[in-house]
file run_38.csv (CSV, C-alpha atoms)
chain,number,residue,atom,x,y,z
S,1252,MET,CA,-12.2,-1.1,-22.4
S,1253,SER,CA,-10.5,1.0,-25.0
S,1254,SER,CA,-8.7,-1.2,-27.6
S,1255,SER,CA,-5.5,0.7,-26.9
S,1256,LYS,CA,-5.3,-0.9,-23.5
S,1257,THR,CA,-4.9,-4.3,-25.0
S,1258,ASP,CA,-1.3,-3.2,-25.5
S,1259,TRP,CA,0.8,-3.3,-22.4
S,1260,GLN,CA,4.3,-3.5,-21.0
S,1261,ALA,CA,5.4,-5.4,-18.0
S,1262,LEU,CA,7.9,-4.4,-15.3
S,1263,ALA,CA,9.6,-7.6,-14.3
S,1264,GLN,CA,12.7,-6.4,-12.6
S,1265,THR,CA,12.1,-7.9,-9.2
S,1266,ASP,CA,13.2,-11.5,-8.6
S,1267,VAL,CA,10.3,-12.8,-6.4
S,1268,VAL,CA,10.8,-15.8,-4.1
S,1269,PHE,CA,7.5,-16.8,-2.5
S,1270,GLY,CA,6.6,-19.5,-0.1
S,1271,VAL,CA,6.5,-20.8,3.5
S,1272,GLY,CA,10.0,-20.7,4.8
S,1273,ALA,CA,11.3,-18.6,1.9
S,1274,SER,CA,12.9,-16.1,4.2
S,1275,GLN,CA,15.5,-18.7,5.3
S,1276,LYS,CA,17.2,-18.0,1.9
S,1277,LEU,CA,17.9,-14.4,2.8
S,1278,PRO,CA,21.3,-14.9,4.5
S,1279,ARG,CA,22.6,-16.7,1.4
S,1280,LEU,CA,21.5,-13.8,-0.8
S,1281,VAL,CA,23.5,-11.2,1.1
S,1282,GLY,CA,26.4,-13.5,2.0
S,1283,ASP,CA,29.2,-11.5,3.7
S,1284,GLU,CA,28.6,-8.3,1.8
S,1285,PRO,CA,28.1,-5.1,3.8
S,1286,THR,CA,24.4,-4.9,4.3
S,1287,LEU,CA,22.0,-2.4,5.9
S,1288,LEU,CA,19.1,-4.1,7.6
S,1289,VAL,CA,16.1,-1.6,7.8
S,1290,THR,CA,13.3,-2.7,10.1
S,1291,THR,CA,11.3,-1.8,13.2
S,1292,SER,CA,12.0,-2.1,16.9
S,1293,GLY,CA,9.0,-4.5,17.0
S,1294,ALA,CA,10.6,-6.9,14.5
S,1295,VAL,CA,13.7,-7.0,16.8
S,1296,GLU,CA,11.6,-7.5,20.0
S,1297,ARG,CA,9.5,-10.3,18.4
S,1298,GLY,CA,12.7,-12.1,17.4
S,1299,THR,CA,12.1,-11.9,13.7
S,1300,VAL,CA,15.6,-10.5,13.0
S,1301,ASP,CA,17.2,-13.3,15.1
S,1302,GLN,CA,14.9,-15.8,13.2
S,1303,LEU,CA,16.4,-14.7,9.9
S,1304,PHE,CA,20.0,-14.0,10.8
S,1305,LYS,CA,21.9,-16.0,13.4
S,1306,SER,CA,24.3,-13.9,15.4
S,1307,SER,CA,27.3,-15.6,13.7
S,1308,SER,CA,26.1,-14.4,10.3
S,1309,ARG,CA,25.6,-10.7,11.2
S,1310,GLY,CA,29.1,-9.4,11.2
S,1311,ASN,CA,28.7,-7.3,8.1
S,1312,ILE,CA,25.1,-6.2,8.9
S,1313,THR,CA,24.3,-2.7,10.1
S,1314,LEU,CA,20.9,-2.8,11.9
S,1315,PHE,CA,18.6,0.2,11.7
S,1316,ASP,CA,15.4,-0.5,13.6
S,1317,GLN,CA,13.9,3.0,14.0
S,1318,ILE,CA,11.3,3.0,11.3
S,1319,GLU,CA,7.8,3.8,12.4
S,1320,SER,CA,4.5,3.8,10.6
S,1321,HIS,CA,4.2,6.7,8.1
S,1322,TYR,CA,7.9,7.5,8.6
S,1323,SER,CA,8.3,11.2,7.6
S,1324,LEU,CA,10.5,12.9,4.9
S,1325,ALA,CA,12.5,14.7,7.6
S,1326,ASP,CA,13.1,11.4,9.5
S,1327,ILE,CA,14.3,9.6,6.3
S,1328,GLU,CA,16.7,12.4,5.5
S,1329,ASN,CA,18.1,12.6,9.1
S,1330,SER,CA,18.4,8.8,9.3
S,1331,ALA,CA,20.2,8.7,5.9
S,1332,ARG,CA,22.8,11.1,7.2
S,1333,GLU,CA,23.4,9.0,10.3
S,1334,LEU,CA,23.8,5.8,8.1
S,1335,ALA,CA,26.2,7.3,5.6
S,1336,GLY,CA,29.8,6.3,5.5
S,1337,ILE,CA,29.5,2.6,4.7
S,1338,ASN,CA,29.6,1.3,1.2
S,1339,TYR,CA,26.6,-1.0,1.5
S,1340,LYS,CA,26.1,-3.7,-1.1
S,1341,PHE,CA,22.5,-4.4,-0.1
S,1342,ILE,CA,19.7,-2.9,1.8
S,1343,VAL,CA,17.4,-5.5,3.3
S,1344,ALA,CA,13.9,-4.1,4.1
S,1345,LEU,CA,12.2,-6.3,6.8
S,1346,GLY,CA,8.8,-5.0,7.5
S,1347,GLY,CA,5.6,-3.4,6.0
S,1348,GLY,CA,5.2,-0.7,3.5
S,1349,SER,CA,6.7,2.1,5.6
S,1350,VAL,CA,9.9,0.0,6.1
S,1351,ILE,CA,10.2,-0.9,2.4
S,1352,ASP,CA,9.5,2.6,1.2
S,1353,ALA,CA,12.1,4.0,3.6
S,1354,ALA,CA,14.6,1.5,2.3
S,1355,LYS,CA,13.9,2.6,-1.3
S,1356,CYS,CA,14.6,6.2,-0.2
S,1357,PHE,CA,17.8,5.1,1.6
S,1358,SER,CA,18.9,3.3,-1.6
S,1359,VAL,CA,19.2,6.5,-3.5
S,1360,LEU,CA,20.2,8.9,-0.7
S,1361,LEU,CA,23.1,6.6,0.4
S,1362,ALA,CA,24.2,6.2,-3.2
S,1363,SER,CA,24.3,10.0,-3.7
S,1364,THR,CA,24.8,11.6,-0.3
S,1365,GLU,CA,24.8,15.2,-1.7
S,1366,GLU,CA,21.2,15.0,-2.8
S,1367,SER,CA,18.1,15.8,-0.7
S,1368,LEU,CA,15.0,13.6,-0.9
S,1369,ARG,CA,12.8,16.5,-1.6
S,1370,ASP,CA,14.9,17.4,-4.7
S,1371,LEU,CA,14.9,13.8,-5.9
S,1372,ILE,CA,11.1,13.7,-5.6
S,1373,LYS,CA,10.8,16.9,-7.7
S,1374,ASP,CA,13.4,16.1,-10.3
S,1375,GLY,CA,12.8,12.7,-12.0
S,1376,GLU,CA,15.8,13.1,-14.3
S,1377,LYS,CA,18.2,13.6,-11.3
S,1378,LEU,CA,16.7,10.6,-9.6
S,1379,ASP,CA,17.1,8.4,-12.7
S,1380,SER,CA,20.7,9.4,-13.0
S,1381,ILE,CA,21.5,7.7,-9.6
S,1382,SER,CA,22.5,4.0,-9.4
S,1383,PRO,CA,20.7,3.0,-6.2
S,1384,ILE,CA,21.9,0.4,-3.7
S,1385,SER,CA,20.1,-3.0,-4.3
S,1386,VAL,CA,17.1,-3.4,-2.1
S,1387,ILE,CA,15.9,-6.9,-1.0
S,1388,ALA,CA,12.4,-6.5,0.3
S,1389,VAL,CA,11.1,-9.0,2.9
S,1390,PRO,CA,7.5,-8.0,3.8
S,1391,THR,CA,6.1,-8.9,7.2
S,1392,THR,CA,2.6,-7.6,6.3
S,1393,ALA,CA,0.3,-8.6,3.5
S,1394,GLY,CA,-0.9,-5.3,2.0
S,1395,SER,CA,1.3,-2.6,0.6
S,1396,GLY,CA,2.8,-4.6,-2.3
S,1397,SER,CA,5.8,-2.2,-2.1
S,1398,GLU,CA,8.2,-5.1,-2.6
S,1399,VAL,CA,7.2,-5.0,-6.4
S,1400,THR,CA,6.4,-1.3,-7.0
S,1401,THR,CA,8.4,1.5,-8.6
S,1402,PHE,CA,7.5,4.1,-6.0
S,1403,ALA,CA,7.8,4.9,-2.3
S,1404,THR,CA,5.3,6.9,-0.3
S,1405,VAL,CA,6.8,9.8,1.6
S,1406,TRP,CA,4.9,11.7,4.2
S,1407,ASP,CA,5.9,15.4,4.4
S,1408,TYR,CA,4.4,16.5,7.7
S,1409,ASP,CA,6.1,19.9,7.5
S,1410,GLN,CA,4.0,20.8,4.5
S,1411,GLN,CA,1.1,18.5,5.3
S,1412,ARG,CA,1.4,16.6,2.1
S,1413,LYS,CA,1.9,13.0,0.8
S,1414,LEU,CA,4.7,12.7,-1.8
S,1415,SER,CA,6.0,9.9,-4.0
S,1416,LEU,CA,9.5,9.0,-4.9
S,1417,ALA,CA,9.0,7.3,-8.3
S,1418,SER,CA,11.4,5.6,-10.6
S,1419,GLU,CA,11.9,2.2,-12.2
S,1420,SER,CA,15.4,2.3,-10.6
S,1421,ILE,CA,14.1,2.0,-7.1
S,1422,ILE,CA,12.0,-1.2,-7.6
S,1423,PRO,CA,13.6,-3.9,-5.3
S,1424,THR,CA,15.9,-6.2,-7.1
S,1425,ALA,CA,14.6,-9.1,-5.0
S,1426,ALA,CA,11.5,-9.8,-2.9
S,1427,ILE,CA,11.2,-12.7,-0.4
S,1428,VAL,CA,7.6,-13.2,0.5
S,1429,ASP,CA,7.2,-15.6,3.3
S,1430,PRO,CA,3.7,-15.8,4.8
S,1431,THR,CA,5.0,-17.1,8.1
S,1432,LEU,CA,6.5,-13.7,8.8
S,1433,THR,CA,2.9,-12.3,9.0
S,1434,LEU,CA,1.7,-14.7,11.7
S,1435,SER,CA,2.7,-12.5,14.6
S,1436,LEU,CA,1.1,-9.4,13.1
S,1437,PRO,CA,-1.5,-7.9,15.5
S,1438,LEU,CA,-5.2,-7.7,14.4
S,1439,ARG,CA,-5.3,-4.0,13.6
S,1440,GLU,CA,-2.2,-4.2,11.4
S,1441,THR,CA,-3.4,-7.4,9.8
S,1442,LEU,CA,-6.7,-5.8,8.7
S,1443,SER,CA,-5.3,-2.4,7.8
S,1444,SER,CA,-2.6,-3.9,5.5
S,1445,GLY,CA,-5.1,-6.4,4.1
S,1446,LEU,CA,-7.6,-3.6,3.3
S,1447,ASP,CA,-4.7,-1.8,1.6
S,1448,ALA,CA,-4.2,-4.7,-0.7
S,1449,ILE,CA,-7.9,-4.8,-1.5
S,1450,SER,CA,-7.8,-1.1,-2.2
S,1451,HIS,CA,-4.9,-1.5,-4.6
S,1452,ALA,CA,-6.8,-4.2,-6.5
S,1453,PHE,CA,-9.9,-2.2,-6.9
S,1454,GLU,CA,-8.0,1.0,-7.7
S,1455,SER,CA,-6.0,-0.8,-10.5
S,1456,ILE,CA,-9.3,-2.0,-12.1
S,1457,TRP,CA,-11.3,1.3,-12.1
S,1458,ASN,CA,-8.3,3.0,-13.6
S,1459,VAL,CA,-7.8,4.7,-16.9
S,1460,ASN,CA,-4.3,3.0,-17.2
S,1461,ALA,CA,-5.7,-0.5,-16.6
S,1462,THR,CA,-4.8,-3.2,-19.1
S,1463,LEU,CA,-6.2,-6.7,-19.6
S,1464,ALA,CA,-3.1,-8.0,-17.7
S,1465,THR,CA,-3.5,-5.7,-14.7
S,1466,ILE,CA,-7.2,-6.4,-14.4
S,1467,ALA,CA,-6.6,-10.1,-14.5
S,1468,LEU,CA,-4.0,-9.8,-11.7
S,1469,ALA,CA,-6.2,-7.5,-9.6
S,1470,THR,CA,-9.2,-9.8,-10.1
S,1471,GLU,CA,-7.3,-12.8,-8.9
S,1472,SER,CA,-6.0,-10.7,-6.0
S,1473,LEU,CA,-9.6,-9.9,-5.0
S,1474,LYS,CA,-10.7,-13.5,-5.3
S,1475,LEU,CA,-8.1,-14.3,-2.6
S,1476,SER,CA,-8.3,-11.3,-0.4
S,1477,LEU,CA,-12.1,-10.8,-0.1
S,1478,SER,CA,-12.5,-14.4,1.0
S,1479,SER,CA,-9.5,-14.6,3.3
S,1480,ILE,CA,-9.1,-11.3,5.1
S,1481,LYS,CA,-11.6,-12.1,7.9
S,1482,ASP,CA,-9.9,-15.4,8.6
S,1483,ALA,CA,-6.5,-13.8,8.6
S,1484,GLY,CA,-7.7,-11.3,11.2
S,1485,THR,CA,-9.8,-13.6,13.5
S,1486,ALA,CA,-7.5,-16.7,13.3
S,1487,PRO,CA,-4.0,-15.3,13.2
S,1488,GLU,CA,-2.4,-18.7,13.5
S,1489,GLY,CA,-4.1,-19.7,10.2
S,1490,LEU,CA,-1.2,-20.0,7.7
S,1491,GLY,CA,-3.6,-20.8,4.9
S,1492,SER,CA,-5.4,-17.5,5.1
S,1493,ARG,CA,-2.1,-15.6,5.6
S,1494,THR,CA,-0.6,-17.3,2.5
S,1495,ARG,CA,-3.6,-16.3,0.4
S,1496,MET,CA,-3.4,-12.7,1.7
S,1497,SER,CA,0.3,-12.6,0.9
S,1498,THR,CA,-0.4,-13.8,-2.6
S,1499,ALA,CA,-3.2,-11.3,-3.0
S,1500,SER,CA,-1.0,-8.4,-1.8
S,1501,LEU,CA,1.7,-9.4,-4.3
S,1502,TYR,CA,-0.7,-9.6,-7.2
S,1503,ALA,CA,-2.2,-6.2,-6.3
S,1504,GLY,CA,1.2,-4.7,-5.9
S,1505,ILE,CA,2.2,-5.8,-9.4
S,1506,ALA,CA,-1.0,-4.4,-10.9
S,1507,ILE,CA,-0.8,-1.1,-9.1
S,1508,SER,CA,2.8,-0.6,-10.1
S,1509,HIS,CA,1.6,-0.4,-13.7
S,1510,THR,CA,-1.6,1.6,-13.2
S,1511,ARG,CA,-0.8,3.8,-10.2
S,1512,THR,CA,-3.5,4.5,-7.6
S,1513,ALA,CA,-6.7,6.4,-8.2
S,1514,LEU,CA,-9.5,8.1,-6.4
S,1515,ALA,CA,-9.7,6.1,-3.1
S,1516,HIS,CA,-6.0,6.9,-2.5
S,1517,SER,CA,-6.3,10.5,-3.4
S,1518,VAL,CA,-9.2,11.0,-1.0
S,1519,SER,CA,-7.4,9.0,1.8
S,1520,TYR,CA,-4.2,11.0,2.1
S,1521,PRO,CA,-5.7,14.0,4.1
S,1522,LEU,CA,-7.3,11.4,6.4
S,1523,THR,CA,-3.8,10.1,7.3
S,1524,ILE,CA,-2.0,13.5,7.4
S,1525,HIS,CA,-4.6,15.4,9.4
S,1526,ILE,CA,-6.6,12.8,11.3
S,1527,GLY,CA,-3.9,10.1,11.7
S,1528,LEU,CA,-6.0,7.3,10.2
S,1529,ASP,CA,-4.1,4.2,9.2
S,1530,HIS,CA,-3.5,4.2,5.4
S,1531,GLY,CA,-5.3,0.9,4.8
S,1532,PHE,CA,-8.4,2.0,6.7
S,1533,ALA,CA,-8.3,5.5,5.1
S,1534,CYS,CA,-8.4,4.0,1.6
S,1535,SER,CA,-10.9,1.2,2.2
S,1536,ILE,CA,-13.7,3.1,3.9
S,1537,MET,CA,-14.3,4.9,0.6
S,1538,LEU,CA,-14.4,1.8,-1.6
S,1539,PRO,CA,-18.1,1.0,-1.6
S,1540,ALA,CA,-19.1,4.6,-2.4
S,1541,ILE,CA,-16.4,4.9,-5.1
S,1542,LEU,CA,-17.5,1.6,-6.7
S,1543,LYS,CA,-21.1,3.0,-6.8
S,1544,PHE,CA,-19.8,6.2,-8.3
S,1545,ASN,CA,-17.7,4.5,-11.0
S,1546,ALA,CA,-20.5,2.1,-11.9
S,1547,ALA,CA,-22.4,4.9,-13.5
S,1548,ILE,CA,-20.1,4.9,-16.5
S,1549,ASP,CA,-18.9,1.3,-16.4
S,1550,ASP,CA,-17.5,0.1,-19.7
S,1551,GLY,CA,-18.1,-3.5,-18.8
S,1552,ARG,CA,-15.1,-4.2,-16.6
S,1553,LEU,CA,-16.9,-3.7,-13.3
S,1554,ALA,CA,-19.8,-5.8,-14.3
S,1555,LYS,CA,-17.4,-8.6,-15.3
S,1556,LEU,CA,-15.5,-8.1,-12.1
S,1557,ALA,CA,-18.7,-8.6,-10.1
S,1558,ARG,CA,-19.4,-11.9,-12.0
S,1559,ASP,CA,-15.9,-13.1,-11.6
S,1560,LEU,CA,-16.2,-12.5,-7.9
S,1561,GLY,CA,-19.3,-14.6,-7.7
S,1562,GLN,CA,-21.8,-11.7,-7.5
S,1563,ARG,CA,-24.8,-11.2,-9.7
S,1564,ASP,CA,-24.1,-7.6,-10.6
S,1565,ILE,CA,-22.3,-4.4,-9.5
S,1566,GLU,CA,-24.9,-3.6,-6.9
S,1567,SER,CA,-24.4,-7.1,-5.4
S,1568,LEU,CA,-20.7,-6.5,-5.3
S,1569,TRP,CA,-21.2,-3.1,-3.7
S,1570,ARG,CA,-23.4,-4.7,-1.0
S,1571,HIS,CA,-20.9,-7.5,-0.5
S,1572,LEU,CA,-18.1,-5.0,0.0
S,1573,ASP,CA,-20.2,-2.9,2.4
S,1574,GLU,CA,-21.1,-6.0,4.4
S,1575,LEU,CA,-17.4,-7.1,4.6
S,1576,LEU,CA,-16.4,-3.8,6.1
S,1577,GLY,CA,-19.1,-4.1,8.7
S,1578,MET,CA,-18.2,-7.8,9.4
S,1579,LEU,CA,-14.6,-6.7,10.0
S,1580,GLU,CA,-15.9,-4.2,12.6
S,1581,LEU,CA,-14.2,-1.3,10.8
S,1582,PRO,CA,-16.0,1.4,12.8
S,1583,GLN,CA,-14.8,-0.2,16.0
S,1584,LEU,CA,-11.2,-0.4,14.8
S,1585,LEU,CA,-11.4,3.3,14.0
S,1586,GLY,CA,-12.2,3.9,17.7
S,1587,ASP,CA,-13.0,7.4,18.7
S,1588,ILE,CA,-11.7,9.0,15.5
S,1589,ASP,CA,-14.3,11.5,14.4
S,1590,LEU,CA,-15.3,10.7,10.8
S,1591,THR,CA,-18.5,12.8,10.5
S,1592,PHE,CA,-19.5,14.3,7.2
S,1593,ASP,CA,-18.8,17.8,8.4
S,1594,ARG,CA,-15.3,16.9,9.4
S,1595,LEU,CA,-14.4,15.1,6.2
S,1596,SER,CA,-16.0,17.7,4.0
S,1597,LYS,CA,-13.6,20.3,5.5
S,1598,LEU,CA,-10.7,18.3,4.0
S,1599,SER,CA,-12.3,17.9,0.6
S,1600,ALA,CA,-10.1,20.6,-1.1
S,1601,GLU,CA,-7.1,18.4,-0.4
S,1602,MET,CA,-8.8,15.1,-1.5
S,1603,VAL,CA,-8.7,15.6,-5.3
S,1604,THR,CA,-5.1,15.4,-6.4
S,1605,PRO,CA,-4.6,15.2,-10.2
S,1606,GLN,CA,-1.7,12.7,-10.0
S,1607,ARG,CA,-4.2,10.2,-8.5
S,1608,SER,CA,-7.7,11.3,-9.1
S,1609,ASP,CA,-7.1,11.7,-12.8
S,1610,ASN,CA,-6.4,7.9,-13.0
S,1611,ASN,CA,-9.9,7.2,-11.9
S,1612,LEU,CA,-12.3,5.7,-14.4
S,1613,ARG,CA,-14.8,8.6,-14.0
S,1614,ASP,CA,-14.0,12.3,-13.6
S,1615,ILE,CA,-15.0,13.8,-10.3
S,1616,ASN,CA,-16.1,17.2,-9.1
S,1617,PHE,CA,-16.7,18.4,-5.6
S,1618,ASP,CA,-20.4,17.7,-5.6
S,1619,ASP,CA,-19.6,14.1,-6.5
S,1620,LEU,CA,-17.0,14.0,-3.7
S,1621,ASP,CA,-19.5,15.3,-1.2
S,1622,GLN,CA,-21.8,12.4,-2.2
S,1623,ILE,CA,-19.0,9.9,-1.7
S,1624,LEU,CA,-18.2,11.3,1.7
S,1625,PHE,CA,-21.8,11.4,2.7
S,1626,ASP,CA,-22.3,7.7,1.6
S,1627,THR,CA,-19.2,6.7,3.5
S,1628,THR,CA,-20.0,8.3,6.8
S,1629,ARG,CA,-23.6,7.0,6.5
S,1630,MET,CA,-22.2,3.5,6.0
S,1631,LEU,CA,-19.8,3.8,9.0
S,1632,GLY,CA,-22.6,5.1,11.2
S,1633,ARG,CA,-24.9,2.2,10.2
S,1634,HIS,CA,-22.3,-0.4,11.0
S,1635,ARG,CA,-21.4,1.3,14.3
S,1636,SER,CA,-25.0,1.3,15.4
S,1637,GLN,CA,-25.4,-2.4,14.5
S,1638,SER,CA,-22.5,-3.5,16.6
call {"tool": "encode", "arguments": {"input": "run_38.csv", "output": "structure tokens"}}
result
Amino acid sequence: MSSSKTDWQALAQTDVVFGVGASQKLPRLVGDEPTLLVTTSGAVERGTVDQLFKSSSRGNITLFDQIESHYSLADIENSARELAGINYKFIVALGGGSVIDAAKCFSVLLASTEESLRDLIKDGEKLDSISPISVIAVPTTAGSGSEVTTFATVWDYDQQRKLSLASESIIPTAAIVDPTLTLSLPLRETLSSGLDAISHAFESIWNVNATLATIALATESLKLSLSSIKDAGTAPEGLGSRTRMSTASLYAGIAISHTRTALAHSVSYPLTIHIGLDHGFACSIMLPAILKFNAAIDDGRLAKLARDLGQRDIESLWRHLDELLGMLELPQLLGDIDLTFDRLSKLSAEMVTPQRSDNNLRDINFDDLDQILFDTTRMLGRHRSQS
């Protein structure tokens, strides 16, 4: 790695409380202050909200349980208008990445009701001038790491684009990471979110912004996630594997907050926008092919990663990752979604976005991208035929 990357700065603004049962501390954190609780209808139906807040302690809590996966820019702006009028002291985000990202957006929109989310995404100075409402993130998935990142993903379906609200001011002031909250997560969401964490870790390593610190965090994340994701999916009652995945997600989230995402995420966004593929799956299906692509100019970090993960070399790591995706039956989870080379290549013009692809260790052109797409679809086809 370049010697300049031995210099680094840490963002340590989130007070993280981690552990089994940690979520029981939440009511004491918000006290009797006016609080907006942002979550999903599923969290209410599964009793998670009742588990955290007894009815007697919910007098000053406004419940908003309408967040859905990949909640859109228009939905966020419309919801913020509905929620305005109360001087919230806290916003509690109980859920996965979509919930936490929506809460981050609410934190600035409700603090400055005259602004539009689109304008704040475009104008960083205007965003930084707002004092957002404090967000307390309580993740119920082990994947996005949004509880410790400085950005929120916003899906603009009107313009068929993925956008980011990005500022140090929107990082949650506190995160309560309680692995028990992930126990009721269905298989598909468990694997999609877990693969998102794995993608974050790899992306923060093959990244031009990587530092010794972020690589160390991401490597520890992969040691945990690559060995635990299958158990977390097949034995959902296993608190040990769920705890390791929650730890891995947290480490990867801290790393990616410093480096930002790279090529796998850049390529994934059109798959979510146009095809409806879950974000974690859309990122992870490209990982083996992108690892092989970046290996051609490895400066030593990928070879060291392979050894640290117990593999002989980068090729062994690539094969291990390929086999893991097959073992998780990823093609079967994708169902009838058409991921042929012809279909993916039609989206290639939207897959190389400078804000993300420029972070990748190796520059990419469209011939390179075609090879990555070809290798990916061939891998998926091979695993599907073996099932």
call {"tool": "atom_distance", "arguments": {"input": "run_38.csv", "atom1": "CA of Pro1605 in chain S", "atom2": "CA of Val1518 in chain S"}}
result
11.1 Å
call {"tool": "closest_residue", "arguments": {"input": "run_38.csv", "among": "S:Thr1265, S:Gly1484, S:Ala1393, S:Arg1279", "to": "Ile1421 in chain S", "atoms": "all atoms listed in the file"}}
result
S:Thr1265
call {"tool": "closest_atom_pairs", "arguments": {"input": "run_38.csv", "of": "range 1358-1396 of chain S", "to": "range 1273-1276 of chain S", "cutoff": "12 Å", "atoms": "only C-alpha atoms", "output": "Markdown table"}}
result
| residue | atom | partner | partner_atom | distance |
| --- | --- | --- | --- | --- |
| S:Ile1387 | CA | S:Ser1274 | CA | 11.0 |
| S:Ala1388 | CA | S:Ser1274 | CA | 10.4 |
| S:Val1389 | CA | S:Ser1274 | CA | 7.4 |
| S:Pro1390 | CA | S:Ser1274 | CA | 9.7 |
| S:Thr1391 | CA | S:Ser1274 | CA | 10.3 |
call {"tool": "residues_around", "arguments": {"input": "run_38.csv", "residues": "Leu1514 in chain S", "least_positions_apart": "3", "cutoff": "10 Å", "atoms": "only C-alpha atoms", "output": "mmCIF file with C-alpha atoms, in the frame of the given file"}}
result
data_model
loop_
_atom_site.group_PDB
_atom_site.id
_atom_site.type_symbol
_atom_site.label_atom_id
_atom_site.label_comp_id
_atom_site.auth_asym_id
_atom_site.auth_seq_id
_atom_site.Cartn_x
_atom_site.Cartn_y
_atom_site.Cartn_z
ATOM 1 C CA GLU S 1454 -8.000 1.000 -7.700
ATOM 2 C CA TRP S 1457 -11.300 1.300 -12.100
ATOM 3 C CA ASN S 1458 -8.300 3.000 -13.600
ATOM 4 C CA SER S 1517 -6.300 10.500 -3.400
ATOM 5 C CA VAL S 1518 -9.200 11.000 -1.000
ATOM 6 C CA SER S 1519 -7.400 9.000 1.800
ATOM 7 C CA CYS S 1534 -8.400 4.000 1.600
ATOM 8 C CA MET S 1537 -14.300 4.900 0.600
ATOM 9 C CA LEU S 1538 -14.400 1.800 -1.600
ATOM 10 C CA ILE S 1541 -16.400 4.900 -5.100
ATOM 11 C CA MET S 1602 -8.800 15.100 -1.500
ATOM 12 C CA VAL S 1603 -8.700 15.600 -5.300
ATOM 13 C CA THR S 1604 -5.100 15.400 -6.400
ATOM 14 C CA PRO S 1605 -4.600 15.200 -10.200
ATOM 15 C CA GLN S 1606 -1.700 12.700 -10.000
ATOM 16 C CA ARG S 1607 -4.200 10.200 -8.500
ATOM 17 C CA SER S 1608 -7.700 11.300 -9.100
ATOM 18 C CA ASP S 1609 -7.100 11.700 -12.800
ATOM 19 C CA ASN S 1610 -6.400 7.900 -13.000
ATOM 20 C CA ASN S 1611 -9.900 7.200 -11.900
ATOM 21 C CA LEU S 1612 -12.300 5.700 -14.400
ATOM 22 C CA ARG S 1613 -14.800 8.600 -14.000
ATOM 23 C CA ASP S 1614 -14.000 12.300 -13.600
ATOM 24 C CA ILE S 1615 -15.000 13.800 -10.300
ATOM 25 C CA LEU S 1620 -17.000 14.000 -3.700
#
call {"tool": "atom_distance", "arguments": {"input": "run_38.csv", "atom1": "CA of Gly1293 in chain S", "atom2": "CA of Ile1526 in chain S"}}
result
24.0 Å
call {"tool": "atom_distance", "arguments": {"input": "run_38.csv", "atom1": "CA of Val1399 in chain S", "atom2": "CA of Ala1426 in chain S"}}
result
7.3 Å
call {"tool": "residues_around", "arguments": {"input": "run_38.csv", "residues": "Ala1335 in chain S", "least_positions_apart": "5", "cutoff": "10 Å", "atoms": "all atoms listed in the file", "output": "list in words"}}
result
Ser1330, Phe1357, Leu1360, Leu1361, Ala1362, Ser1363 and Thr1364 of chain S
call {"tool": "residues_around", "arguments": {"input": "run_38.csv", "residues": "range 1557-1571 of chain S", "least_positions_apart": "2", "cutoff": "7 Å", "atoms": "only C-alpha atoms", "output": "list in words"}}
result
Lys1474, Pro1539, Leu1542, Lys1543, Leu1553, Ala1554, Lys1555, Asp1573, Glu1574 and Leu1575 of chain S
call {"tool": "write_last_selection", "arguments": {"input": "run_38.csv", "atoms": "C-alpha atoms", "output": "compact mmCIF listing (two decimals), keeping the file's coordinate frame"}}
result
# COMPACT_ATOMS: atom_id res chain seq x y z
CA LYS S 1474 -10.70 -13.50 -5.30
CA PRO S 1539 -18.10 1.00 -1.60
CA LEU S 1542 -17.50 1.60 -6.70
CA LYS S 1543 -21.10 3.00 -6.80
CA LEU S 1553 -16.90 -3.70 -13.30
CA ALA S 1554 -19.80 -5.80 -14.30
CA LYS S 1555 -17.40 -8.60 -15.30
CA ASP S 1573 -20.20 -2.90 2.40
CA GLU S 1574 -21.10 -6.00 4.40
CA LEU S 1575 -17.40 -7.10 4.60
call {"tool": "residues_around", "arguments": {"input": "run_38.csv", "residues": "range 1428-1445 of chain S", "least_positions_apart": "6", "cutoff": "8 Å", "atoms": "only C-alpha atoms", "output": "ChimeraX atom specification"}}
result
/S:1267-1274,1299,1389-1395,1476,1480,1483-1485,1487-1490,1493-1494,1496-1497,1500,1529-1532,1584
call {"tool": "decode", "arguments": {"input": "run_38.csv", "residues": "range 1292-1304 of chain S", "atoms": "C-alpha atoms", "output": "PDB file, in the first residue's frame"}}
result
ATOM      1  CA  SER S1292     -44.827  -3.052  10.381  1.00  0.00           C
ATOM      2  CA  GLY S1293     -43.071  -6.407  10.736  1.00  0.00           C
ATOM      3  CA  ALA S1294     -41.197  -5.254  13.836  1.00  0.00           C
ATOM      4  CA  VAL S1295     -44.514  -4.291  15.386  1.00  0.00           C
ATOM      5  CA  GLU S1296     -46.219  -7.553  14.391  1.00  0.00           C
ATOM      6  CA  ARG S1297     -43.331  -9.675  15.724  1.00  0.00           C
ATOM      7  CA  GLY S1298     -43.581  -7.903  19.068  1.00  0.00           C
ATOM      8  CA  THR S1299     -40.120  -6.301  18.878  1.00  0.00           C
ATOM      9  CA  VAL S1300     -41.467  -2.847  19.713  1.00  0.00           C
ATOM     10  CA  ASP S1301     -43.378  -4.198  22.731  1.00  0.00           C
ATOM     11  CA  GLN S1302     -40.250  -6.081  23.753  1.00  0.00           C
ATOM     12  CA  LEU S1303     -38.262  -2.837  23.937  1.00  0.00           C
ATOM     13  CA  PHE S1304     -40.909  -0.415  25.147  1.00  0.00           C
TER      14      PHE S1304
END
